[in-house]
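Engineer: Structure supplied as target33.cif; contents: mmCIF, C-alpha atoms and all ligand atoms.
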```cif
data_model
#
loop_
_atom_site.group_PDB
_atom_site.id
_atom_site.type_symbol
_atom_site.label_atom_id
_atom_site.label_comp_id
_atom_site.auth_asym_id
_atom_site.auth_seq_id
_atom_site.Cartn_x
_atom_site.Cartn_y
_atom_site.Cartn_z
ATOM 1 C CA MET M 1 -93.232 29.694 29.645
ATOM 2 C CA ASP M 2 -91.850 32.009 26.966
ATOM 3 C CA LEU M 3 -89.159 30.942 24.504
ATOM 4 C CA GLU M 4 -86.371 32.713 26.368
ATOM 5 C CA SER M 5 -87.202 30.971 29.673
ATOM 6 C CA LEU M 6 -87.515 27.698 27.884
ATOM 7 C CA ALA M 7 -84.095 28.139 26.271
ATOM 8 C CA ARG M 8 -82.570 29.102 29.636
ATOM 9 C CA ALA M 9 -84.104 26.037 31.280
ATOM 10 C CA ARG M 10 -82.715 23.795 28.551
ATOM 11 C CA THR M 11 -79.188 25.235 28.852
ATOM 12 C CA HIS M 12 -79.206 25.332 32.665
ATOM 13 C CA HIS M 13 -76.811 22.831 34.176
ATOM 14 C CA PRO M 14 -77.556 21.584 37.657
ATOM 15 C CA CYS M 15 -74.854 22.390 40.195
ATOM 16 C CA ALA M 16 -72.488 19.658 41.366
ATOM 17 C CA ALA M 17 -74.409 19.248 44.625
ATOM 18 C CA CYS M 18 -77.786 18.791 42.950
ATOM 19 C CA ARG M 19 -76.281 16.446 40.381
ATOM 20 C CA MET M 20 -74.846 14.301 43.131
ATOM 21 C CA LEU M 21 -77.980 14.426 45.267
ATOM 22 C CA ARG M 22 -80.119 13.848 42.160
ATOM 23 C CA ARG M 23 -82.403 16.740 42.869
ATOM 24 C CA ARG M 24 -83.742 19.584 40.808
ATOM 25 C CA CYS M 25 -81.434 22.614 40.707
ATOM 26 C CA ASP M 26 -83.009 26.007 40.110
ATOM 27 C CA SER M 27 -82.051 29.636 40.580
ATOM 28 C CA SER M 28 -82.829 29.425 44.310
ATOM 29 C CA CYS M 29 -80.279 26.637 44.924
ATOM 30 C CA ILE M 30 -78.089 27.752 47.821
ATOM 31 C CA LEU M 31 -75.196 25.519 46.749
ATOM 32 C CA ALA M 32 -75.089 26.435 43.042
ATOM 33 C CA PRO M 33 -72.836 29.524 43.430
ATOM 34 C CA TYR M 34 -70.176 27.471 45.238
ATOM 35 C CA PHE M 35 -70.350 24.137 43.470
ATOM 36 C CA PRO M 36 -70.469 24.566 39.685
ATOM 37 C CA CYS M 37 -71.474 21.482 37.712
ATOM 38 C CA HIS M 38 -67.858 20.465 36.961
ATOM 39 C CA GLU M 39 -66.796 20.456 40.651
ATOM 40 C CA ILE M 40 -68.465 17.269 41.798
ATOM 41 C CA ASP M 41 -65.359 16.096 43.665
ATOM 42 C CA LYS M 42 -65.383 19.265 45.766
ATOM 43 C CA PHE M 43 -68.971 18.669 46.884
ATOM 44 C CA ALA M 44 -68.367 14.929 47.304
ATOM 45 C CA LYS M 45 -65.743 15.635 49.989
ATOM 46 C CA LEU M 46 -68.071 17.990 51.825
ATOM 47 C CA HIS M 47 -70.932 15.502 51.604
ATOM 48 C CA LYS M 48 -68.781 12.591 52.786
ATOM 49 C CA VAL M 49 -67.505 14.359 55.901
ATOM 50 C CA PHE M 50 -70.376 16.624 56.975
ATOM 51 C CA GLY M 51 -73.369 15.314 55.022
ATOM 52 C CA ALA M 52 -75.226 17.519 52.559
ATOM 53 C CA SER M 53 -77.940 18.512 55.016
ATOM 54 C CA ASN M 54 -75.473 19.615 57.704
ATOM 55 C CA ALA M 55 -73.319 21.415 55.128
ATOM 56 C CA ILE M 56 -76.356 23.355 53.871
ATOM 57 C CA LYS M 57 -77.293 24.278 57.472
ATOM 58 C CA MET M 58 -73.739 25.487 58.167
ATOM 59 C CA ILE M 59 -73.698 27.572 54.987
ATOM 60 C CA GLN M 60 -77.130 29.049 55.781
ATOM 61 C CA MET M 61 -75.941 30.081 59.263
ATOM 62 C CA VAL M 62 -73.331 32.374 57.699
ATOM 63 C CA GLU M 63 -74.116 35.794 56.209
ATOM 64 C CA LYS M 64 -74.282 35.745 52.401
ATOM 65 C CA ARG M 65 -71.175 37.891 51.996
ATOM 66 C CA ASN M 66 -69.109 35.340 53.985
ATOM 67 C CA ARG M 67 -70.523 32.171 52.470
ATOM 68 C CA GLU M 68 -67.855 31.732 49.825
ATOM 69 C CA ASP M 69 -65.120 31.765 52.489
ATOM 70 C CA ALA M 70 -67.186 29.464 54.710
ATOM 71 C CA VAL M 71 -67.566 26.962 51.865
ATOM 72 C CA LYS M 72 -63.806 27.117 51.171
ATOM 73 C CA ALA M 73 -63.096 26.461 54.852
ATOM 74 C CA LEU M 74 -65.564 23.565 55.000
ATOM 75 C CA VAL M 75 -64.147 21.980 51.845
ATOM 76 C CA TYR M 76 -60.604 22.470 53.178
ATOM 77 C CA GLU M 77 -61.522 20.857 56.482
ATOM 78 C CA ALA M 78 -63.321 18.007 54.694
ATOM 79 C CA THR M 79 -60.308 17.399 52.439
ATOM 80 C CA TRP M 80 -57.976 17.128 55.428
ATOM 81 C CA ARG M 81 -60.460 15.158 57.483
ATOM 82 C CA ILE M 82 -60.491 12.513 54.706
ATOM 83 C CA LYS M 83 -56.657 12.472 54.573
ATOM 84 C CA ASP M 84 -56.232 12.493 58.341
ATOM 85 C CA PRO M 85 -59.343 11.221 60.169
ATOM 86 C CA VAL M 86 -57.759 11.836 63.577
ATOM 87 C CA TYR M 87 -56.533 15.440 63.367
ATOM 88 C CA GLY M 88 -57.971 16.789 60.097
ATOM 89 C CA SER M 89 -56.759 20.297 59.313
ATOM 90 C CA THR M 90 -55.618 20.699 62.942
ATOM 91 C CA GLY M 91 -52.754 18.314 62.160
ATOM 92 C CA VAL M 92 -51.541 20.646 59.413
ATOM 93 C CA VAL M 93 -51.916 23.716 61.621
ATOM 94 C CA CYS M 94 -49.886 22.058 64.400
ATOM 95 C CA GLN M 95 -47.225 20.979 61.925
ATOM 96 C CA LEU M 96 -46.944 24.529 60.564
ATOM 97 C CA GLN M 97 -46.799 25.998 64.089
ATOM 98 C CA LYS M 98 -43.924 23.640 64.903
ATOM 99 C CA MET M 99 -42.130 24.729 61.716
ATOM 100 C CA VAL M 100 -42.620 28.394 62.646
ATOM 101 C CA GLN M 101 -41.155 27.752 66.113
ATOM 102 C CA GLU M 102 -38.137 25.973 64.617
ATOM 103 C CA LEU M 103 -37.577 28.754 62.099
ATOM 104 C CA GLU M 104 -37.852 31.378 64.850
ATOM 105 C CA MET M 105 -35.204 29.502 66.856
ATOM 106 C CA GLN M 106 -32.963 29.317 63.766
ATOM 107 C CA LEU M 107 -33.475 33.023 63.172
ATOM 108 C CA GLU M 108 -32.500 33.871 66.757
ATOM 109 C CA SER M 109 -29.436 31.648 66.489
ATOM 110 C CA THR M 110 -28.424 33.273 63.193
ATOM 111 C CA LYS M 111 -28.925 36.767 64.661
ATOM 112 C CA ALA M 112 -26.682 35.838 67.604
ATOM 113 C CA ARG M 113 -24.017 34.508 65.217
ATOM 114 C CA VAL M 114 -24.170 37.683 63.092
ATOM 115 C CA LEU M 115 -23.741 39.796 66.232
ATOM 116 C CA GLU M 116 -20.797 37.653 67.329
ATOM 117 C CA LEU M 117 -19.112 38.002 63.914
ATOM 118 C CA GLN M 118 -19.789 41.762 63.906
ATOM 119 C CA GLN M 119 -18.062 42.065 67.278
ATOM 120 C CA GLN M 120 -15.105 39.999 66.052
ATOM 121 C CA LYS M 121 -14.812 42.194 62.964
ATOM 122 C CA ASP M 122 -14.930 45.367 65.079
ATOM 123 C CA GLN M 123 -12.256 43.966 67.406
ATOM 124 C CA PHE M 124 -10.109 43.049 64.418
ATOM 125 C CA TRP M 125 -10.359 46.535 62.877
ATOM 126 C CA ASN M 126 -9.700 48.169 66.247
ATOM 127 C CA PHE M 127 -6.643 46.007 66.588
ATOM 128 C CA LEU M 128 -5.415 46.993 63.109
ATOM 129 C CA SER M 129 -6.103 50.686 63.628
ATOM 130 C CA ASN M 130 -4.085 50.624 66.875
ATOM 131 C CA LEU M 131 -1.048 49.108 65.182
ATOM 132 C CA ASP M 132 1.685 51.656 64.605
ATOM 133 C CA LEU M 133 2.842 49.810 61.570
ATOM 134 C CA ILE M 134 2.131 51.265 58.147
ATOM 135 C CA SER M 135 3.105 49.408 55.027
ATOM 136 C CA PRO M 136 4.360 51.455 52.051
ATOM 137 C CA ILE M 137 1.991 49.821 49.592
ATOM 138 C CA ASN M 138 1.482 51.625 46.237
ATOM 139 C CA GLY M 139 4.202 54.206 46.918
ATOM 140 C CA GLY M 140 2.610 55.344 50.138
ATOM 141 C CA ASN M 141 -1.012 55.413 48.992
ATOM 142 C CA PHE M 142 -2.153 52.957 51.546
ATOM 143 C CA ALA M 143 -5.870 52.396 51.809
ATOM 144 C CA LEU M 144 -8.011 49.562 52.913
ATOM 145 C CA ASP M 145 -11.180 48.690 51.116
ATOM 146 C CA TYR M 146 -13.197 49.251 54.223
ATOM 147 C CA HIS M 147 -14.947 52.204 55.792
ATOM 148 C CA ASP M 148 -12.787 51.968 58.936
ATOM 149 C CA SER M 149 -9.485 52.209 57.070
ATOM 150 C CA ILE M 150 -6.317 52.694 59.085
ATOM 151 C CA SER M 151 -5.451 56.333 59.547
ATOM 152 C CA TYR M 152 -2.354 57.111 57.589
ATOM 153 C CA ASP M 153 -0.478 60.358 57.052
ATOM 154 C CA PRO M 154 1.707 60.048 53.917
ATOM 155 C CA ALA M 155 3.816 63.061 55.019
ATOM 156 C CA LYS M 156 5.058 61.132 58.059
ATOM 157 C CA PHE M 157 5.708 57.931 56.222
ATOM 158 C CA PRO M 158 9.371 58.265 55.173
ATOM 159 C CA ALA M 159 10.484 59.788 58.505
ATOM 160 C CA GLU M 160 8.781 57.144 60.656
ATOM 161 C CA CYS M 161 10.007 54.278 58.530
ATOM 162 C CA ASP M 162 13.619 55.346 58.103
ATOM 163 C CA ASP M 163 14.866 52.794 60.552
ATOM 164 C CA TRP M 164 13.447 49.804 58.714
ATOM 165 C CA ILE M 165 14.195 50.955 55.137
ATOM 166 C CA ILE M 166 17.681 49.776 54.232
HETATM 167 ZN ZN ZN B 201 -78.046 23.103 42.845
#
```
Do you think you could lay out the structure here as structure tokens?

Structural biologist:
Amino acid sequence: MDLESLARARTHHPCAACRMLRRRCDSSCILAPYFPCHEIDKFAKLHKVFGASNAIKMIQMVEKRNREDAVKALVYEATWRIKDPVYGSTGVVCQLQKMVQELEMQLESTKARVLELQQQKDQFWNFLSNLDLISPINGGNFALDYHDSISYDPAKFPAECDDWII
């Protein structure tokens, strides 16, 4: 063994899985990329729920490019399986699906209420625009702060209002 290999061997830290399983960890360790030496807790969950041997088999069954995601999914499932031995991560998924359904119902209800208020507003502005009553606000410059303002012809104002100006 040359000096460089010797130095590398001395500085090599076994992965969390090999540390926990008390086995030799080398460059061919399938678990090393996913369980660095400081993540013992992560591997401990996986080991507790699935067992190291089964976990390794499941990881080996997946193509290399998908292994990182597979390990994340297994650790996630193991974490929830420890918290909830009956439903595991399925319990969380069901809870989230229920929340989505409730939020969808709230959204539909809110949409219906918005539509109802829009119709009331339209009816109100139609009612106002059909009134033949114009108020001489600001010396005849009557305008509403709304895109459907009441039509008003200032030239007609004094003549039409003669009877109620005393
Ligand atoms: Zn290892």

Engineer: Find the distance between atom CA of M:Leu21 and atom CA of M:Val75 and write it in Å to one decimal.

Structural biologist: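 Computing it gives 17.1 Å between the two atoms.
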
Engineer: Return as JSON, numbers by chain the set of residues that the PyMOL selection byres (((not hetatm)) within 10 of (chain B and resi 201)) yields on the displayed structure.

Structural biologist: {"M": [13, 14, 15, 16, 17, 18, 19, 20, 21, 22, 23, 24, 25, 26, 27, 28, 29, 30, 31, 32, 33, 34, 35, 36, 37]}

Engineer: Considering all atoms listed in the file, return as JSON, numbers by chain whatever protein or nucleic-acid residues lie within 12 Å of M:Val49, sequence-local ones (same chain, fewer than 5 positions apart) excluded.

Structural biologist: {"M": [42, 43, 44, 54, 55, 74, 75, 76, 77, 78, 79, 80, 81, 82, 83, 84, 85, 88]}

Engineer: Can you tell me how far atom CA of M:His38 sits from atom CA of M:Thr90, in Å to one decimal?

Structural biologist: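 Between atom CA of M:His38 and atom CA of M:Thr90 the gap works out to 28.7 Å.
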
Engineer: Between atom CA of M:Glu104 and atom CA of M:Gln120, what distance in Å does the model show, to one decimal?

Structural biologist: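 Between atom CA of M:Glu104 and atom CA of M:Gln120 the gap works out to 24.4 Å.
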
Engineer: Give the centre and edge lengths of an axis-aligned box, in Å to one decimal, that holds all listed atoms of stretch 11-16 of chain M with 4 Å on each side, as AutoDock Vina command-line options.

Structural biologist:
```
--center_x -75.8 --center_y 22.5 --center_z 35.1 --size_x 14.7 --size_y 13.7 --size_z 20.5
```
